[in-house]
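Coordinates from entry.cif are shown below (mmCIF, C-alpha atoms).
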```cif
data_coords
#
loop_
_atom_site.group_PDB
_atom_site.id
_atom_site.type_symbol
_atom_site.label_atom_id
_atom_site.label_comp_id
_atom_site.auth_asym_id
_atom_site.auth_seq_id
_atom_site.Cartn_x
_atom_site.Cartn_y
_atom_site.Cartn_z
ATOM 1 C CA MET A 1 38.360 -2.182 96.800
ATOM 2 C CA GLU A 2 36.850 -1.344 100.211
ATOM 3 C CA LYS A 3 37.578 2.338 99.610
ATOM 4 C CA GLU A 4 35.678 2.190 96.307
ATOM 5 C CA GLN A 5 32.766 0.414 98.009
ATOM 6 C CA ASN A 6 32.675 3.138 100.660
ATOM 7 C CA GLN A 7 32.745 5.860 97.994
ATOM 8 C CA SER A 8 29.900 4.190 96.144
ATOM 9 C CA SER A 9 27.896 3.790 99.349
ATOM 10 C CA ALA A 10 28.549 7.411 100.310
ATOM 11 C CA LEU A 11 27.273 8.615 96.960
ATOM 12 C CA ILE A 12 24.053 6.583 97.278
ATOM 13 C CA ILE A 13 23.581 7.627 100.909
ATOM 14 C CA ASN A 14 23.971 11.276 99.973
ATOM 15 C CA GLU A 15 21.916 11.227 96.764
ATOM 16 C CA PHE A 16 18.993 9.338 98.252
ATOM 17 C CA GLU A 17 19.195 11.100 101.628
ATOM 18 C CA LEU A 18 19.570 7.917 103.659
ATOM 19 C CA GLU A 19 19.941 9.224 107.169
ATOM 20 C CA ASN A 20 21.796 7.376 109.923
ATOM 21 C CA LEU A 21 23.922 5.301 107.545
ATOM 22 C CA ARG A 22 27.684 5.316 107.405
ATOM 23 C CA GLU A 23 29.858 4.726 104.361
ATOM 24 C CA ASP A 24 30.991 1.325 105.657
ATOM 25 C CA VAL A 25 27.430 -0.044 105.739
ATOM 26 C CA SER A 26 27.005 -3.586 104.424
ATOM 27 C CA GLU A 27 25.583 -3.973 100.943
ATOM 28 C CA GLU A 28 22.578 -5.840 102.361
ATOM 29 C CA GLU A 29 21.740 -3.009 104.773
ATOM 30 C CA LEU A 30 22.296 -0.387 102.081
ATOM 31 C CA PHE A 31 19.946 -2.318 99.781
ATOM 32 C CA ARG A 32 17.308 -2.541 102.499
ATOM 33 C CA GLN A 33 17.483 1.164 103.367
ATOM 34 C CA LEU A 34 17.581 2.187 99.716
ATOM 35 C CA SER A 35 14.572 -0.041 98.938
ATOM 36 C CA ASP A 36 12.630 1.562 101.788
ATOM 37 C CA ARG A 37 13.525 5.069 100.620
ATOM 38 C CA ILE A 38 12.557 4.265 97.031
ATOM 39 C CA ALA A 39 9.228 2.812 98.232
ATOM 40 C CA TRP A 40 8.546 6.079 100.042
ATOM 41 C CA LEU A 41 9.486 8.104 96.967
ATOM 42 C CA ILE A 42 7.228 5.995 94.742
ATOM 43 C CA GLU A 43 4.329 6.808 97.059
ATOM 44 C CA HIS A 44 5.102 10.473 97.715
ATOM 45 C CA ASN A 45 7.392 11.969 95.079
ATOM 46 C CA MET A 46 7.752 9.889 91.916
ATOM 47 C CA GLU A 47 9.062 12.831 89.898
ATOM 48 C CA TYR A 48 11.945 13.337 92.315
ATOM 49 C CA LEU A 49 12.698 9.610 92.270
ATOM 50 C CA MET A 50 12.914 9.650 88.478
ATOM 51 C CA SER A 51 15.242 12.629 88.698
ATOM 52 C CA LEU A 52 17.491 10.734 91.118
ATOM 53 C CA LEU A 53 17.544 7.679 88.874
ATOM 54 C CA TYR A 54 18.501 9.730 85.824
ATOM 55 C CA ARG A 55 21.120 11.623 87.814
ATOM 56 C CA ASN A 56 22.597 8.278 88.859
ATOM 57 C CA ASP A 57 22.689 7.236 85.200
ATOM 58 C CA VAL A 58 20.273 4.319 85.510
ATOM 59 C CA ALA A 59 19.136 3.287 82.027
ATOM 60 C CA GLU A 60 15.611 4.401 81.178
ATOM 61 C CA ASP A 61 14.617 1.056 79.641
ATOM 62 C CA LYS A 62 15.671 -0.727 82.827
ATOM 63 C CA ILE A 63 13.643 1.708 84.922
ATOM 64 C CA HIS A 64 10.563 1.053 82.793
ATOM 65 C CA HIS A 65 11.034 -2.695 83.127
ATOM 66 C CA ALA A 66 11.472 -2.434 86.904
ATOM 67 C CA LEU A 67 8.191 -0.525 87.113
ATOM 68 C CA SER A 68 6.312 -2.856 84.766
ATOM 69 C CA PRO A 69 4.041 -5.717 85.818
ATOM 70 C CA PHE A 70 6.488 -8.110 84.135
ATOM 71 C CA GLU A 71 9.114 -7.519 86.844
ATOM 72 C CA GLN A 72 8.917 -10.255 89.464
ATOM 73 C CA ALA A 73 10.475 -8.217 92.274
ATOM 74 C CA PRO A 74 8.592 -5.329 93.893
ATOM 75 C CA ALA A 75 9.301 -2.048 92.088
ATOM 76 C CA ASN A 76 11.200 -0.510 95.003
ATOM 77 C CA GLU A 77 13.540 -3.511 95.253
ATOM 78 C CA ALA A 78 14.049 -3.724 91.491
ATOM 79 C CA LEU A 79 14.946 -0.030 91.347
ATOM 80 C CA ALA A 80 17.258 -0.294 94.353
ATOM 81 C CA ARG A 81 19.076 -3.181 92.658
ATOM 82 C CA LEU A 82 19.451 -1.083 89.494
ATOM 83 C CA VAL A 83 20.970 1.793 91.479
ATOM 84 C CA LEU A 84 23.435 -0.483 93.278
ATOM 85 C CA ASP A 85 24.387 -2.317 90.087
ATOM 86 C CA ARG A 86 24.936 0.971 88.246
ATOM 87 C CA GLN A 87 27.211 2.224 91.003
ATOM 88 C CA LYS A 88 29.232 -0.981 90.784
ATOM 89 C CA GLN A 89 29.576 -0.451 87.029
ATOM 90 C CA ARG A 90 30.687 3.130 87.562
ATOM 91 C CA MET A 91 33.314 2.059 90.092
ATOM 92 C CA GLU A 92 34.577 -0.633 87.714
ATOM 93 C CA THR A 93 34.863 1.897 84.896
ATOM 94 C CA LYS A 94 36.636 4.323 87.201
ATOM 95 C CA ARG A 95 39.037 1.596 88.291
ATOM 96 C CA LYS A 96 39.695 0.551 84.706
ATOM 97 C CA TYR A 97 40.095 3.969 83.101
ATOM 98 C CA GLY A 98 40.537 6.388 85.975
ATOM 99 C CA SER A 99 43.911 5.081 87.049
ATOM 100 C CA GLN A 100 45.590 5.764 83.743
ATOM 101 C CA ASP A 101 48.519 8.120 84.049
ATOM 102 C CA SER A 102 47.738 11.475 82.426
ATOM 103 C CA ARG A 103 51.122 11.331 80.720
ATOM 104 C CA ASP A 104 49.732 8.482 78.598
ATOM 105 C CA VAL A 105 47.174 10.837 77.070
ATOM 106 C CA ASP A 106 48.072 12.610 73.824
ATOM 107 C CA GLU A 107 49.144 16.200 74.544
ATOM 108 C CA ASP A 108 46.394 17.598 72.287
ATOM 109 C CA LEU A 109 43.690 15.698 74.194
ATOM 110 C CA ARG A 110 44.662 16.791 77.716
ATOM 111 C CA TRP A 111 42.518 19.337 79.482
#
```
Can you dump the structure from the file as structure tokens?
Amino acid sequence: MEKEQNQSSALIINEFELENLREDVSEEELFRQLSDRIAWLIEHNMEYLMSLLYRNDVAEDKIHHALSPFEQAPANEALARLVLDRQKQRMETKRKYGSQDSRDVDEDLRW
């Protein structure tokens, strides 16, 4: 579980160019740094931020809600939470389906 958390953190750190953070950073610190980076991107490079969000497979409708006036949290924090939650979902999916033995897959469906 810790290894998966570190992998998820490393991906976010790399994708969002969070300097001076290690993979074993706490979720709270990662959230804080990610929120700060997203705030900067909102101000200076929104197009790049949107690209990062799409690349990290954050749902477009959730992005629009996070940026809307109906969202109670500040946009940067709402978007950071979406990124972290999506990474958790990806790790759960990987854990659930990624550990299947390739011998269990039909011969015709193997790559």
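The space separating atom CA of A:Arg95 from atom CA of A:Ala78 comes to 25.7 Å.
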Contacts of stretch 51-61 of chain A at 7 Å (only C-alpha atoms; same-chain gap of 5+ positions) as a list in words: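 What passes the distance filter is Leu82, Val83 and Arg86 of chain A.
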Selection under test: the PyMOL selection byres ((chain A and resi 80) around 10); residues as a PDB file with C-alpha atoms, in the coordinates of the input:
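See expr_0.pdb below for the written result:
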```pdb
ATOM      1  CA  LEU A  30      22.296  -0.387 102.081  1.00  0.00           C
ATOM      2  CA  PHE A  31      19.946  -2.318  99.781  1.00  0.00           C
ATOM      3  CA  ARG A  32      17.308  -2.541 102.499  1.00  0.00           C
ATOM      4  CA  GLN A  33      17.483   1.164 103.367  1.00  0.00           C
ATOM      5  CA  LEU A  34      17.581   2.187  99.716  1.00  0.00           C
ATOM      6  CA  SER A  35      14.572  -0.041  98.938  1.00  0.00           C
ATOM      7  CA  ASP A  36      12.630   1.562 101.788  1.00  0.00           C
ATOM      8  CA  ARG A  37      13.525   5.069 100.620  1.00  0.00           C
ATOM      9  CA  ILE A  38      12.557   4.265  97.031  1.00  0.00           C
ATOM     10  CA  ALA A  39       9.228   2.812  98.232  1.00  0.00           C
ATOM     11  CA  LEU A  53      17.544   7.679  88.874  1.00  0.00           C
ATOM     12  CA  ALA A  66      11.472  -2.434  86.904  1.00  0.00           C
ATOM     13  CA  ALA A  75       9.301  -2.048  92.088  1.00  0.00           C
ATOM     14  CA  ASN A  76      11.200  -0.510  95.003  1.00  0.00           C
ATOM     15  CA  GLU A  77      13.540  -3.511  95.253  1.00  0.00           C
ATOM     16  CA  ALA A  78      14.049  -3.724  91.491  1.00  0.00           C
ATOM     17  CA  LEU A  79      14.946  -0.030  91.347  1.00  0.00           C
ATOM     18  CA  ARG A  81      19.076  -3.181  92.658  1.00  0.00           C
ATOM     19  CA  LEU A  82      19.451  -1.083  89.494  1.00  0.00           C
ATOM     20  CA  VAL A  83      20.970   1.793  91.479  1.00  0.00           C
ATOM     21  CA  LEU A  84      23.435  -0.483  93.278  1.00  0.00           C
ATOM     22  CA  ASP A  85      24.387  -2.317  90.087  1.00  0.00           C
ATOM     23  CA  ARG A  86      24.936   0.971  88.246  1.00  0.00           C
TER      24      ARG A  86
END
```
Report, as JSON, the centre and edge lengths in Å (one decimal) of the axis-aligned box enclosing every listed atom of stretch 82-86 of chain A, padded by 5 Å on each side.
```
{"center_x": 22.2, "center_y": -0.3, "center_z": 90.8, "size_x": 15.5, "size_y": 14.1, "size_z": 15.0}
```
Atom pair atom CA of A:Met50 / atom CA of A:Ile63: separation (Å):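 Going from atom CA of A:Met50 over to atom CA of A:Ile63, I get 8.7 Å.
Using the PyMOL selection byres ((chain A and resi 91) around 12) on this structure selects Met1, Glu2, Lys3, Glu4, Gln5, Asn6, Gln7, Ser8, Ser9, Leu11, Leu84, Asp85, Arg86, Gln87, Lys88, Gln89, Arg90, Glu92, Thr93, Lys94, Arg95, Lys96, Tyr97, Gly98 and Ser99 of chain A.
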Take the selection from the previous step and output its residues with C-alpha atoms, as a CSV table (one decimal), in the coordinates of the input.
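Listing of again38.csv after writing:
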```
chain,number,residue,atom,x,y,z
A,1,MET,CA,38.4,-2.2,96.8
A,2,GLU,CA,36.8,-1.3,100.2
A,3,LYS,CA,37.6,2.3,99.6
A,4,GLU,CA,35.7,2.2,96.3
A,5,GLN,CA,32.8,0.4,98.0
A,6,ASN,CA,32.7,3.1,100.7
A,7,GLN,CA,32.7,5.9,98.0
A,8,SER,CA,29.9,4.2,96.1
A,9,SER,CA,27.9,3.8,99.3
A,11,LEU,CA,27.3,8.6,97.0
A,84,LEU,CA,23.4,-0.5,93.3
A,85,ASP,CA,24.4,-2.3,90.1
A,86,ARG,CA,24.9,1.0,88.2
A,87,GLN,CA,27.2,2.2,91.0
A,88,LYS,CA,29.2,-1.0,90.8
A,89,GLN,CA,29.6,-0.5,87.0
A,90,ARG,CA,30.7,3.1,87.6
A,92,GLU,CA,34.6,-0.6,87.7
A,93,THR,CA,34.9,1.9,84.9
A,94,LYS,CA,36.6,4.3,87.2
A,95,ARG,CA,39.0,1.6,88.3
A,96,LYS,CA,39.7,0.6,84.7
A,97,TYR,CA,40.1,4.0,83.1
A,98,GLY,CA,40.5,6.4,86.0
A,99,SER,CA,43.9,5.1,87.0
```
